[in-house]
$ cat coords_24.cif   # mmCIF, C-alpha atoms and all ligand atoms
data_run
#
loop_
_atom_site.label_atom_id
_atom_site.label_comp_id
_atom_site.auth_asym_id
_atom_site.auth_seq_id
_atom_site.Cartn_x
_atom_site.Cartn_y
_atom_site.Cartn_z
CA MET N 1 -129.23 -39.75 212.79
CA THR N 2 -132.61 -41.51 212.86
CA ARG N 3 -134.46 -41.88 209.60
CA PRO N 4 -137.51 -39.65 209.08
CA ARG N 5 -140.81 -41.40 209.78
CA LEU N 6 -143.35 -41.02 206.96
CA ALA N 7 -147.10 -41.71 207.05
CA THR N 8 -149.77 -41.47 204.38
CA VAL N 9 -153.41 -41.18 205.37
CA TRP N 10 -156.62 -41.77 203.41
CA LEU N 11 -159.65 -39.77 204.54
CA SER N 12 -162.59 -39.07 202.18
CA GLY N 13 -160.86 -39.20 198.83
CA CYS N 14 -160.92 -41.53 195.85
CA SER N 15 -157.38 -42.87 196.45
CA GLY N 16 -156.27 -41.08 193.29
CA CYS N 17 -153.73 -39.10 195.29
CA HIS N 18 -152.25 -42.34 196.59
CA MET N 19 -152.25 -43.67 193.02
CA SER N 20 -150.28 -40.61 192.02
CA LEU N 21 -147.78 -41.39 194.77
CA LEU N 22 -147.46 -44.93 193.41
CA ASN N 23 -146.93 -43.47 189.95
CA LEU N 24 -143.53 -42.30 191.14
CA HIS N 25 -142.44 -45.85 190.27
CA GLY N 26 -138.67 -46.13 190.70
CA ASP N 27 -138.44 -42.74 192.36
CA LEU N 28 -140.76 -44.01 195.08
CA LEU N 29 -138.32 -46.77 195.98
CA GLU N 30 -135.58 -44.20 196.09
CA LEU N 31 -137.64 -41.98 198.41
CA LEU N 32 -138.69 -44.85 200.64
CA GLY N 33 -135.06 -45.82 200.91
CA ARG N 34 -134.50 -42.56 202.74
CA CYS N 35 -137.29 -42.84 205.32
CA ASP N 36 -139.45 -45.34 207.19
CA LEU N 37 -143.04 -45.74 206.06
CA VAL N 38 -144.71 -46.16 209.44
CA TYR N 39 -148.39 -45.90 208.45
CA SER N 40 -150.26 -46.01 205.14
CA PRO N 41 -153.25 -47.63 203.41
CA LEU N 42 -150.54 -49.18 201.25
CA ALA N 43 -149.15 -51.04 204.28
CA ASP N 44 -150.93 -53.19 206.84
CA ILE N 45 -150.43 -51.14 209.99
CA LYS N 46 -153.47 -50.95 212.23
CA GLU N 47 -152.77 -47.99 214.44
CA TYR N 48 -151.40 -44.58 213.65
CA PRO N 49 -148.07 -44.47 215.49
CA ARG N 50 -146.58 -41.71 217.58
CA GLY N 51 -143.62 -39.61 216.59
CA VAL N 52 -144.37 -39.31 212.87
CA ASP N 53 -142.27 -36.71 211.07
CA ILE N 54 -144.24 -36.26 207.84
CA ALA N 55 -147.84 -37.23 207.03
CA LEU N 56 -149.40 -36.91 203.58
CA VAL N 57 -153.16 -36.71 204.07
CA GLU N 58 -155.50 -37.41 201.16
CA GLY N 59 -159.19 -36.55 201.13
CA ALA N 60 -161.63 -34.18 202.78
CA VAL N 61 -162.92 -34.50 206.32
CA ALA N 62 -166.42 -35.73 205.54
CA ASN N 63 -167.48 -37.85 208.51
CA GLU N 64 -166.84 -38.37 212.22
CA GLU N 65 -164.24 -41.07 211.58
CA ASN N 66 -162.29 -38.70 209.35
CA ARG N 67 -162.45 -36.04 212.03
CA GLU N 68 -161.17 -38.37 214.74
CA MET N 69 -158.37 -39.59 212.48
CA ALA N 70 -157.39 -36.03 211.56
CA GLY N 71 -157.07 -35.20 215.25
CA ILE N 72 -154.90 -38.26 215.87
CA VAL N 73 -152.69 -37.44 212.89
CA ARG N 74 -152.22 -33.89 214.09
CA SER N 75 -151.33 -34.82 217.64
CA ARG N 76 -148.74 -37.40 216.55
CA THR N 77 -147.16 -35.71 213.52
CA ALA N 78 -144.64 -32.92 213.14
CA CYS N 79 -145.45 -31.93 209.55
CA VAL N 80 -148.95 -32.50 208.15
CA VAL N 81 -149.28 -32.13 204.38
CA SER N 82 -152.69 -31.60 202.78
CA LEU N 83 -152.37 -33.88 199.75
CA GLY N 84 -154.62 -33.12 196.78
CA ASP N 85 -157.62 -30.91 196.15
CA CYS N 86 -160.05 -32.91 198.32
CA ALA N 87 -157.88 -32.32 201.37
CA VAL N 88 -157.07 -28.76 200.29
CA ASN N 89 -160.53 -27.48 199.33
CA GLY N 90 -163.06 -30.32 199.48
CA ASN N 91 -163.14 -30.75 195.71
CA VAL N 92 -165.02 -33.89 194.60
CA SER N 93 -165.86 -34.87 198.17
CA ALA N 94 -167.47 -31.46 198.65
CA LEU N 95 -169.73 -31.72 195.59
CA ARG N 96 -172.43 -32.84 198.02
CA ASN N 97 -172.14 -29.75 200.19
CA PRO N 98 -174.80 -27.63 198.44
CA LEU N 99 -177.34 -30.41 199.13
CA GLY N 100 -176.67 -30.57 202.86
CA ARG N 101 -176.38 -33.81 204.84
CA GLU N 102 -180.06 -34.83 204.66
CA GLY N 103 -180.29 -33.86 201.01
CA THR N 104 -177.24 -35.95 200.24
CA LEU N 105 -178.52 -39.04 202.07
CA GLU N 106 -181.84 -38.66 200.31
CA ARG N 107 -180.15 -38.36 196.89
CA VAL N 108 -178.04 -41.44 197.53
CA TYR N 109 -180.48 -43.71 199.38
CA GLY N 110 -183.86 -42.28 198.37
CA GLU N 111 -186.70 -43.94 200.26
CA ALA N 112 -184.25 -46.35 201.86
CA ALA N 113 -182.41 -43.54 203.66
CA PRO N 114 -181.10 -45.07 206.87
CA GLU N 115 -182.46 -43.46 209.99
CA HIS N 116 -179.07 -43.19 211.58
CA GLY N 117 -176.61 -41.74 209.06
CA VAL N 118 -174.54 -44.68 207.87
CA ALA N 119 -171.16 -43.04 207.88
CA ARG N 120 -171.98 -40.37 210.47
CA LEU N 121 -171.56 -37.73 207.82
CA LEU N 122 -170.60 -34.22 208.83
CA PRO N 123 -173.04 -31.56 207.55
CA THR N 124 -170.45 -30.62 204.91
CA ALA N 125 -167.22 -32.16 203.68
CA LEU N 126 -164.46 -29.89 205.02
CA PRO N 127 -160.94 -29.08 203.85
CA LEU N 128 -158.40 -30.58 206.24
CA HIS N 129 -157.11 -27.18 207.40
CA GLN N 130 -160.57 -26.24 208.66
CA VAL N 131 -160.38 -29.15 211.08
CA ILE N 132 -156.71 -29.33 212.10
CA GLY N 133 -153.65 -27.19 211.53
CA VAL N 134 -151.90 -28.00 208.27
CA ASP N 135 -148.24 -27.26 207.58
CA LEU N 136 -148.15 -27.58 203.83
CA PHE N 137 -150.59 -27.66 200.93
CA LEU N 138 -150.05 -29.76 197.83
CA PRO N 139 -152.97 -29.08 195.45
CA GLY N 140 -153.93 -30.96 192.30
CA CYS N 141 -156.43 -33.67 191.49
CA PRO N 142 -154.41 -35.68 191.87
CA PRO N 143 -151.16 -33.78 192.43
CA ALA N 144 -148.81 -34.93 189.67
CA PRO N 145 -146.25 -37.51 190.86
CA GLU N 146 -143.54 -34.96 190.16
CA ARG N 147 -145.16 -32.53 192.63
CA ILE N 148 -145.25 -35.19 195.32
CA ARG N 149 -141.66 -36.18 194.63
CA TRP N 150 -140.52 -32.57 194.75
CA VAL N 151 -142.21 -31.90 198.08
CA LEU N 152 -141.19 -35.18 199.71
CA THR N 153 -137.58 -34.86 198.60
CA ARG N 154 -137.31 -31.39 200.02
CA LEU N 155 -139.05 -32.34 203.26
CA LEU N 156 -136.77 -35.35 203.71
CA GLU N 157 -133.76 -33.15 203.12
CA GLY N 158 -135.09 -30.61 205.59
CA ARG N 159 -135.10 -27.89 202.96
CA PRO N 160 -137.71 -25.13 202.73
CA VAL N 161 -140.73 -26.01 200.61
CA ALA N 162 -142.42 -23.25 198.63
CA LEU N 163 -144.11 -24.66 195.57
CA PRO N 164 -143.54 -22.72 192.35
CA PRO N 165 -146.74 -21.49 190.58
CA GLU N 166 -146.70 -24.30 188.01
CA MET N 167 -146.94 -26.81 190.86
CA LEU N 168 -149.69 -24.93 192.64
CA SER N 169 -152.69 -25.28 190.37
CA PHE N 170 -155.95 -26.81 191.50
CA GLY N 171 -157.58 -29.39 189.29
CA MET W 1 -153.06 13.38 170.32
CA PRO W 2 -152.33 15.11 173.62
CA ARG W 3 -150.06 13.10 175.85
CA LEU W 4 -149.63 12.97 179.60
CA THR W 5 -146.70 11.78 181.65
CA LEU W 6 -146.96 9.77 184.82
CA THR W 7 -144.80 7.34 186.73
CA ILE W 8 -145.59 3.65 187.10
CA ASN W 9 -143.46 1.79 189.63
CA GLY W 10 -141.07 4.73 189.61
CA ARG W 11 -140.65 4.64 185.85
CA SER W 12 -141.62 7.64 183.80
CA VAL W 13 -144.31 6.74 181.27
CA SER W 14 -146.01 8.75 178.57
CA ALA W 15 -149.62 7.89 177.74
CA ARG W 16 -152.61 9.19 175.82
CA ARG W 17 -155.11 11.41 177.57
CA GLY W 18 -158.17 9.28 178.28
CA ASP W 19 -156.16 6.11 178.77
CA THR W 20 -156.81 3.96 181.80
CA ILE W 21 -153.97 3.11 184.15
CA LEU W 22 -154.19 -0.46 182.86
CA ALA W 23 -153.77 0.62 179.24
CA ALA W 24 -150.86 2.90 180.07
CA ALA W 25 -149.16 0.16 182.08
CA ARG W 26 -149.65 -2.47 179.40
CA ARG W 27 -148.26 -0.23 176.71
CA SER W 28 -145.15 0.27 178.75
CA GLY W 29 -144.76 -3.44 179.35
CA ILE W 30 -145.97 -3.55 182.96
CA ARG W 31 -148.20 -6.48 183.75
CA ILE W 32 -151.20 -5.97 186.03
CA PRO W 33 -153.37 -9.04 186.66
CA THR W 34 -156.99 -8.67 185.52
CA LEU W 35 -160.07 -10.84 185.48
CA CYS W 36 -163.23 -8.90 184.61
CA ASN W 37 -161.48 -6.67 182.11
CA LEU W 38 -161.73 -7.54 178.42
CA GLU W 39 -160.22 -5.29 175.80
CA GLY W 40 -162.94 -3.81 173.63
CA LEU W 41 -165.57 -3.77 176.36
CA ILE W 42 -166.38 -0.86 178.65
CA PRO W 43 -164.55 -1.54 181.96
CA ALA W 44 -166.77 -2.64 184.82
CA GLY W 45 -164.30 -2.64 187.72
CA ALA W 46 -166.16 -5.69 188.96
CA CYS W 47 -163.45 -8.03 190.24
CA ARG W 48 -160.91 -5.72 191.94
CA VAL W 49 -158.02 -7.96 190.95
CA CYS W 50 -156.29 -5.11 189.08
CA LEU W 51 -156.07 -2.84 192.15
CA VAL W 52 -153.13 -0.41 192.12
CA GLU W 53 -151.93 2.31 194.49
CA VAL W 54 -151.93 5.94 193.41
CA ALA W 55 -149.94 8.46 195.47
CA GLY W 56 -152.32 10.75 197.32
CA TYR W 57 -155.35 8.47 196.95
CA PRO W 58 -156.76 7.16 200.22
CA ARG W 59 -157.21 3.59 198.96
CA PRO W 60 -156.23 1.39 196.00
CA VAL W 61 -158.16 1.85 192.75
CA PRO W 62 -158.95 -0.56 189.89
CA ALA W 63 -156.43 0.06 187.11
CA CYS W 64 -158.91 -1.02 184.42
CA ALA W 65 -161.50 1.58 185.37
CA THR W 66 -159.37 4.53 186.48
CA GLY W 67 -158.24 7.18 184.02
CA ILE W 68 -154.72 8.56 184.10
CA GLU W 69 -153.90 12.07 185.16
CA GLN W 70 -150.88 14.23 184.52
CA GLY W 71 -148.14 13.55 187.07
CA MET W 72 -149.87 10.57 188.65
CA ALA W 73 -147.58 8.19 190.58
CA VAL W 74 -148.83 4.62 190.34
CA THR W 75 -147.58 1.49 192.11
CA THR W 76 -148.77 -1.80 190.62
CA ASP W 77 -146.87 -4.19 192.82
CA SER W 78 -146.51 -4.02 196.59
CA GLU W 79 -147.00 -6.31 199.55
CA PRO W 80 -150.44 -4.89 200.45
CA LEU W 81 -151.59 -5.14 196.81
CA ALA W 82 -150.43 -8.75 196.55
CA ALA W 83 -152.26 -9.53 199.79
CA ALA W 84 -155.42 -7.78 198.58
CA ARG W 85 -155.37 -9.65 195.27
CA ARG W 86 -154.87 -12.94 197.00
CA THR W 87 -157.74 -12.27 199.38
CA THR W 88 -160.00 -11.20 196.52
CA VAL W 89 -159.39 -14.39 194.55
CA GLU W 90 -159.76 -16.55 197.66
CA LEU W 91 -163.13 -14.91 198.32
CA LEU W 92 -164.19 -15.61 194.74
CA LEU W 93 -163.24 -19.25 195.21
CA ALA W 94 -165.14 -19.45 198.51
CA GLU W 95 -168.31 -17.85 197.14
CA ARG W 96 -169.37 -20.57 194.66
CA ASN W 97 -168.39 -24.18 193.97
CA HIS W 98 -165.16 -24.13 192.01
CA SER W 99 -164.24 -27.80 191.85
CA CYS W 100 -161.58 -27.43 189.19
CA ALA W 101 -161.10 -31.17 188.76
CA VAL W 102 -164.65 -31.64 187.48
CA CYS W 103 -164.95 -28.40 185.50
CA VAL W 104 -165.17 -28.25 181.70
CA MET W 105 -162.56 -25.49 181.71
CA ASN W 106 -159.96 -27.22 183.90
CA ARG W 107 -156.54 -25.93 182.81
CA HIS W 108 -158.08 -23.35 180.48
CA CYS W 109 -159.57 -21.14 183.16
CA ARG W 110 -158.42 -17.64 184.00
CA LEU W 111 -159.50 -17.84 187.62
CA GLN W 112 -157.57 -21.07 188.14
CA ASP W 113 -154.55 -19.61 186.39
CA LEU W 114 -154.71 -16.42 188.42
CA ALA W 115 -154.96 -18.36 191.68
CA ALA W 116 -151.79 -20.27 190.79
CA ARG W 117 -149.97 -17.10 189.78
CA LEU W 118 -150.91 -15.42 193.04
CA GLY W 119 -149.58 -18.41 194.97
CA ILE W 120 -152.94 -19.53 196.31
CA ASP W 121 -152.44 -23.07 197.59
CA HIS W 122 -155.55 -23.07 199.79
CA VAL W 123 -158.51 -20.87 200.71
CA ARG W 124 -158.52 -19.38 204.20
CA PHE W 125 -162.27 -18.68 204.23
CA ALA W 126 -165.18 -21.04 204.81
CA PHE W 127 -166.80 -22.16 201.57
CA ILE W 128 -170.38 -20.94 201.17
CA SER W 129 -171.35 -23.93 198.98
CA PRO W 130 -174.52 -22.44 197.49
CA LEU W 131 -177.00 -24.52 195.54
CA ALA W 132 -176.37 -22.38 192.48
CA GLY W 133 -177.88 -24.39 189.63
CA VAL W 134 -177.07 -25.14 186.01
CA ASP W 135 -179.15 -24.12 182.98
CA MET W 136 -178.76 -26.49 180.04
CA SER W 137 -181.90 -25.40 178.20
CA HIS W 138 -180.06 -23.66 175.34
CA GLU W 139 -179.55 -25.80 172.27
CA ARG W 140 -175.80 -25.25 172.04
CA PHE W 141 -174.62 -23.69 175.28
CA GLY W 142 -174.91 -24.12 179.03
CA ILE W 143 -174.45 -21.91 182.08
CA ASP W 144 -173.20 -23.32 185.38
CA HIS W 145 -173.74 -20.76 188.10
CA ASN W 146 -171.43 -22.70 190.39
CA ARG W 147 -168.48 -21.34 188.40
CA CYS W 148 -169.70 -17.78 187.88
CA ILE W 149 -167.63 -14.99 189.41
CA LEU W 150 -170.01 -12.19 188.38
CA CYS W 151 -167.40 -10.49 186.22
CA ARG W 152 -170.15 -9.49 183.79
CA ARG W 153 -168.03 -10.06 180.73
CA CYS W 154 -170.97 -12.01 179.28
CA VAL W 155 -173.41 -9.21 180.10
CA ARG W 156 -171.18 -6.60 178.50
CA VAL W 157 -170.18 -8.52 175.39
CA CYS W 158 -173.78 -9.45 174.63
CA ASP W 159 -174.91 -5.87 175.13
CA GLU W 160 -172.02 -3.88 173.70
CA ILE W 161 -170.83 -6.11 170.87
CA GLU W 162 -173.70 -8.39 169.89
CA GLY W 163 -176.34 -5.80 170.76
CA ALA W 164 -178.76 -8.40 172.11
CA HIS W 165 -178.53 -7.65 175.86
CA THR W 166 -179.73 -11.10 176.82
CA TRP W 167 -177.87 -11.22 180.14
CA ASP W 168 -178.25 -9.17 183.29
CA VAL W 169 -177.48 -9.46 186.99
CA ALA W 170 -180.20 -9.95 189.59
CA GLY W 171 -179.86 -9.86 193.36
CA ARG W 172 -177.26 -8.34 195.62
CA GLY W 173 -173.86 -9.34 196.96
CA ALA W 174 -173.06 -13.02 197.12
CA ALA W 175 -176.68 -13.82 196.25
CA SER W 176 -176.36 -12.13 192.83
CA ARG W 177 -177.02 -14.30 189.83
CA ILE W 178 -176.61 -13.82 186.12
CA ILE W 179 -180.08 -13.95 184.59
CA CYS W 180 -181.28 -14.44 181.05
CA ASP W 181 -183.90 -11.98 179.75
CA LEU W 182 -186.65 -11.91 182.40
CA ALA W 183 -184.97 -14.56 184.58
CA GLN W 184 -186.05 -17.38 182.32
CA PRO W 185 -184.32 -20.49 180.93
CA TRP W 186 -181.73 -19.54 178.31
CA GLY W 187 -183.38 -21.88 175.82
CA THR W 188 -186.56 -19.78 175.90
CA SER W 189 -184.78 -16.47 175.31
CA ALA W 190 -186.31 -14.30 172.60
CA THR W 191 -183.26 -12.04 172.38
CA CYS W 192 -180.33 -14.50 172.23
CA THR W 193 -179.02 -14.88 168.70
CA GLY W 194 -176.90 -17.91 169.60
CA CYS W 195 -173.73 -16.09 168.54
CA GLY W 196 -171.67 -17.55 171.38
CA LYS W 197 -169.81 -14.33 172.24
CA CYS W 198 -170.73 -14.63 175.91
CA VAL W 199 -169.31 -18.13 175.99
CA GLN W 200 -166.05 -16.92 174.46
CA ALA W 201 -165.87 -13.98 176.83
CA CYS W 202 -166.46 -15.94 180.04
CA PRO W 203 -163.15 -16.37 181.89
CA THR W 204 -164.28 -19.47 183.80
CA GLY W 205 -166.27 -22.61 183.11
CA ALA W 206 -169.56 -20.86 183.88
CA LEU W 207 -170.50 -20.46 180.22
CA PHE W 208 -169.60 -23.34 177.95
CA GLU W 209 -170.40 -24.96 174.66
CA LYS W 210 -172.12 -28.32 174.80
CA ASP W 211 -170.30 -31.28 173.28
CA ALA W 212 -167.31 -29.13 172.40
CA PRO W 213 -163.69 -29.72 173.28
CA THR W 214 -163.07 -27.98 176.59
CA ARG W 215 -160.82 -25.25 175.27
CA LYS W 216 -162.80 -22.16 174.36
CA GLY W 217 -161.82 -20.57 171.09
CA THR W 218 -160.37 -17.12 171.03
CA MET W 219 -162.12 -14.22 169.49
CA ASP W 220 -160.72 -10.88 168.43
CA LEU W 221 -163.08 -8.83 170.56
CA ALA W 222 -160.92 -5.73 170.36
CA GLY W 223 -161.13 -5.91 166.56
CA LEU W 224 -164.87 -6.43 166.67
CA ALA W 225 -165.35 -3.46 168.96
CA GLN W 226 -163.30 -1.28 166.65
CA TRP W 227 -165.31 -2.40 163.63
CA ARG W 228 -168.52 -1.61 165.47
CA ARG W 229 -167.31 1.88 166.41
CA SER W 230 -166.28 2.58 162.84
CA ARG W 231 -169.85 1.90 161.64
CA LYS W 232 -171.46 4.40 164.03
S1 LIG L 1 -157.93 -34.78 194.96
FE1 LIG L 1 -158.68 -35.92 193.16
S2 LIG L 1 -157.39 -37.74 193.07
FE2 LIG L 1 -157.15 -36.88 195.15
S3 LIG L 1 -158.71 -37.93 196.39
FE3 LIG L 1 -159.67 -36.07 195.62
S4 LIG L 1 -160.73 -36.69 193.72
FE4 LIG L 1 -159.25 -38.31 194.23
S1 LIG L 2 -175.06 -16.34 172.56
FE1 LIG L 2 -174.73 -14.22 171.84
S2 LIG L 2 -176.78 -13.30 171.89
FE2 LIG L 2 -176.92 -15.20 173.08
S3 LIG L 2 -176.56 -14.54 175.20
FE3 LIG L 2 -174.53 -15.11 174.38
S4 LIG L 2 -173.67 -13.20 173.54
FE4 LIG L 2 -175.85 -12.85 173.87
S1 LIG L 3 -171.16 -16.27 183.40
FE1 LIG L 3 -168.93 -16.07 183.04
S2 LIG L 3 -168.72 -14.10 181.96
FE2 LIG L 3 -170.74 -14.13 182.89
S3 LIG L 3 -170.48 -13.10 184.86
FE3 LIG L 3 -170.28 -15.30 185.24
S4 LIG L 3 -168.10 -15.71 185.09
FE4 LIG L 3 -168.42 -13.70 184.16
S1 LIG L 4 -159.90 -6.23 185.93
FE1 LIG L 4 -160.08 -4.31 186.87
S2 LIG L 4 -161.62 -4.58 188.35
FE2 LIG L 4 -161.56 -6.50 187.29
#

$ encode --input "coords_24.cif" --output "structure tokens"
Amino acid sequence: MTRPRLATVWLSGCSGCHMSLLNLHGDLLELLGRCDLVYSPLADIKEYPRGVDIALVEGAVANEENREMAGIVRSRTACVVSLGDCAVNGNVSALRNPLGREGTLERVYGEAAPEHGVARLLPTALPLHQVIGVDLFLPGCPPAPERIRWVLTRLLEGRPVALPPEMLSFG
Amino acid sequence: MPRLTLTINGRSVSARRGDTILAAARRSGIRIPTLCNLEGLIPAGACRVCLVEVAGYPRPVPACATGIEQGMAVTTDSEPLAAARRTTVELLLAERNHSCAVCVMNRHCRLQDLAARLGIDHVRFAFISPLAGVDMSHERFGIDHNRCILCRRCVRVCDEIEGAHTWDVAGRGAASRIICDLAQPWGTSATCTGCGKCVQACPTGALFEKDAPTRKGTMDLAGLAQWRRSRK
């Protein structure tokens, strides 16, 4: 049997969700021993590969680059997991949404606001599932390492994943 | 005290005439989720989280604001009710800016807790993201409209218990806002006594104490209400 292919993706988030993954310490080595990490900001792989089994996606979809990446991830991945509140509901990345795109640029750059939006911001930062189909939601800011371990273990074992209420909370 | 009998989830229950379905259920150990209800305050039926089915009624009714009747058959837990509750809470989350991670009440919030209990792992609706505003003009307290769910617990506690009636609701639907006196900054209110009851009553991070640890204290509102009634 081939080993499951795992990817982790960093859209518009603070990397805290990835930090939480790293906080699995020894358990992370154990998990990575059971799959192949084929793409991640933690590894130097330039292009998102094809045939990925599981992708953990951190961060909201806040600019055109994020949107393109989300589309690529969806088309090449069997199971897309929305990792953390920013991916699940916008959270910190969406704090700018009430201001609108122009209002945000103005707040950040003031007079120096670049004429052509620097990061090609979308009008609002969007939850991942409003841009692509998502198979699983793992809320939390960041999701506790134990939550990530629980979900990954079950996914790698091909068991059903329904998070219990204590693992579901936002924030 | 005249008593009535009814069935809740098929169980026969005896309750006092004048009780609400919620009170009768609680007394018989049946848990119905609530959000806008606060014991000691007049029910508002504002959040619709406590919806239950009553045999013969065309649609679900709020348990907190519906009186019992002899022979009533109530169902508090069914697939459609669970779906309705989930939708209601998702709509509440979509209506304002509930970024739990950066909220003073993170992990001590009833809305957050309810969402987890109802199994809400994401919101299916588009977020409205209103520019709702924060009023920090009061010396000791603040109100963040981004977190307000319009449950009116603050309005009711200030009116019914403190007797100041500082708060009210202005506007309609999703554009409704809690207002202070004549829609003025809280810090300029002539009626607010600074008692803090509204802050204690608020189930979310909308009303908070400045420079205080995030956990709101608990207050025996039921006891206070009883005391007030006994003085009438
Ligand atoms: S959910 Fe929290 S930890 Fe994760 S990217 Fe967003 S802000 Fe950072
Ligand atoms: S502090 Fe007391 S008087 Fe002032 S608005 Fe709140 S409940 Fe009313
Ligand atoms: S401020 Fe708090 S208590 Fe008042 S209506 Fe809003 S959520 Fe309810
Ligand atoms: S608790 Fe009954 S309607 Fe809100």

$ closest_atom_pairs --input "coords_24.cif" --of "chain W" --to "ligand LIG 1 (chain L)" --cutoff "10 Å" --atoms "only C-alpha atoms and all ligand atoms" --output "JSON lines"
{"residue": "W:Ser99", "atom": "CA", "partner": "L:LIG1", "partner_atom": "S4", "distance": 9.7}
{"residue": "W:Cys100", "atom": "CA", "partner": "L:LIG1", "partner_atom": "FE1", "distance": 9.8}
{"residue": "W:Ala101", "atom": "CA", "partner": "L:LIG1", "partner_atom": "FE1", "distance": 6.9}
{"residue": "W:Val102", "atom": "CA", "partner": "L:LIG1", "partner_atom": "S4", "distance": 8.9}

$ residues_around --input "coords_24.cif" --residues "stretch 63-66 of chain N" --least-positions-apart "3" --cutoff "7 Å" --atoms "all atoms listed in the file" --output "VMD selection string"
chain N and resid 11 69 to 70 119 to 122

$ atom_distance --input "coords_24.cif" --atom1 "atom CA of N:Pro98" --atom2 "atom CA of W:His98"
12.1 Å

$ residues_around --input "coords_24.cif" --residues "stretch 130-145 of chain N" --least-positions-apart "3" --cutoff "7 Å" --atoms "only C-alpha atoms" --output "list of chain:residue names"
N:Gly16, N:Cys17, N:Ser20, N:Leu21, N:Asn23, N:Leu24, N:Ala70, N:Gly71, N:Arg74, N:Cys79, N:Val80, N:Val81, N:Ser82, N:Leu83, N:Gly84, N:Asp85, N:Val88, N:Leu126, N:Pro127, N:Ile148, N:Arg149, N:Leu168, N:Ser169, N:Phe170, N:Gly171, W:Ala101, W:Asp121, W:His122

$ atom_distance --input "coords_24.cif" --atom1 "atom S4 of ligand LIG 3 (chain L)" --atom2 "atom CA of W:Ala126"
20.6 Å

$ residues_near_point --input "coords_24.cif" --point "(-176.6, -14.5, 173.9)" --cutoff "9 Å" --atoms "only C-alpha atoms" --output "PDB file with C-alpha atoms, in the frame of the given file"
ATOM      1  CA  CYS W 154    -170.970 -12.010 179.280  1.00  0.00           C
ATOM      2  CA  VAL W 155    -173.410  -9.210 180.100  1.00  0.00           C
ATOM      3  CA  VAL W 157    -170.180  -8.520 175.390  1.00  0.00           C
ATOM      4  CA  CYS W 158    -173.780  -9.450 174.630  1.00  0.00           C
ATOM      5  CA  ASP W 159    -174.910  -5.870 175.130  1.00  0.00           C
ATOM      6  CA  GLU W 162    -173.700  -8.390 169.890  1.00  0.00           C
ATOM      7  CA  ALA W 164    -178.760  -8.400 172.110  1.00  0.00           C
ATOM      8  CA  HIS W 165    -178.530  -7.650 175.860  1.00  0.00           C
ATOM      9  CA  THR W 166    -179.730 -11.100 176.820  1.00  0.00           C
ATOM     10  CA  TRP W 167    -177.870 -11.220 180.140  1.00  0.00           C
ATOM     11  CA  CYS W 180    -181.280 -14.440 181.050  1.00  0.00           C
ATOM     12  CA  TRP W 186    -181.730 -19.540 178.310  1.00  0.00           C
ATOM     13  CA  SER W 189    -184.780 -16.470 175.310  1.00  0.00           C
ATOM     14  CA  THR W 191    -183.260 -12.040 172.380  1.00  0.00           C
ATOM     15  CA  CYS W 192    -180.330 -14.500 172.230  1.00  0.00           C
ATOM     16  CA  THR W 193    -179.020 -14.880 168.700  1.00  0.00           C
ATOM     17  CA  GLY W 194    -176.900 -17.910 169.600  1.00  0.00           C
ATOM     18  CA  CYS W 195    -173.730 -16.090 168.540  1.00  0.00           C
ATOM     19  CA  GLY W 196    -171.670 -17.550 171.380  1.00  0.00           C
ATOM     20  CA  LYS W 197    -169.810 -14.330 172.240  1.00  0.00           C
ATOM     21  CA  CYS W 198    -170.730 -14.630 175.910  1.00  0.00           C
ATOM     22  CA  VAL W 199    -169.310 -18.130 175.990  1.00  0.00           C
TER      23      VAL W 199
END

$ interface_residues --input "coords_24.cif" --of "chain W" --to "chain N" --cutoff "10 Å" --atoms "only C-alpha atoms" --output "PyMOL selection string"
chain W and resi 93-94+96-103+105-107+112-133

$ axis_aligned_box --input "coords_24.cif" --around "stretch 102-109 of chain W" --padding-each-side "3 Å" --output "lines of an AutoDock Vina configuration file"
center_x = -160.9
center_y = -26.4
center_z = 184.0
size_x = 14.6
size_y = 16.5
size_z = 13.0
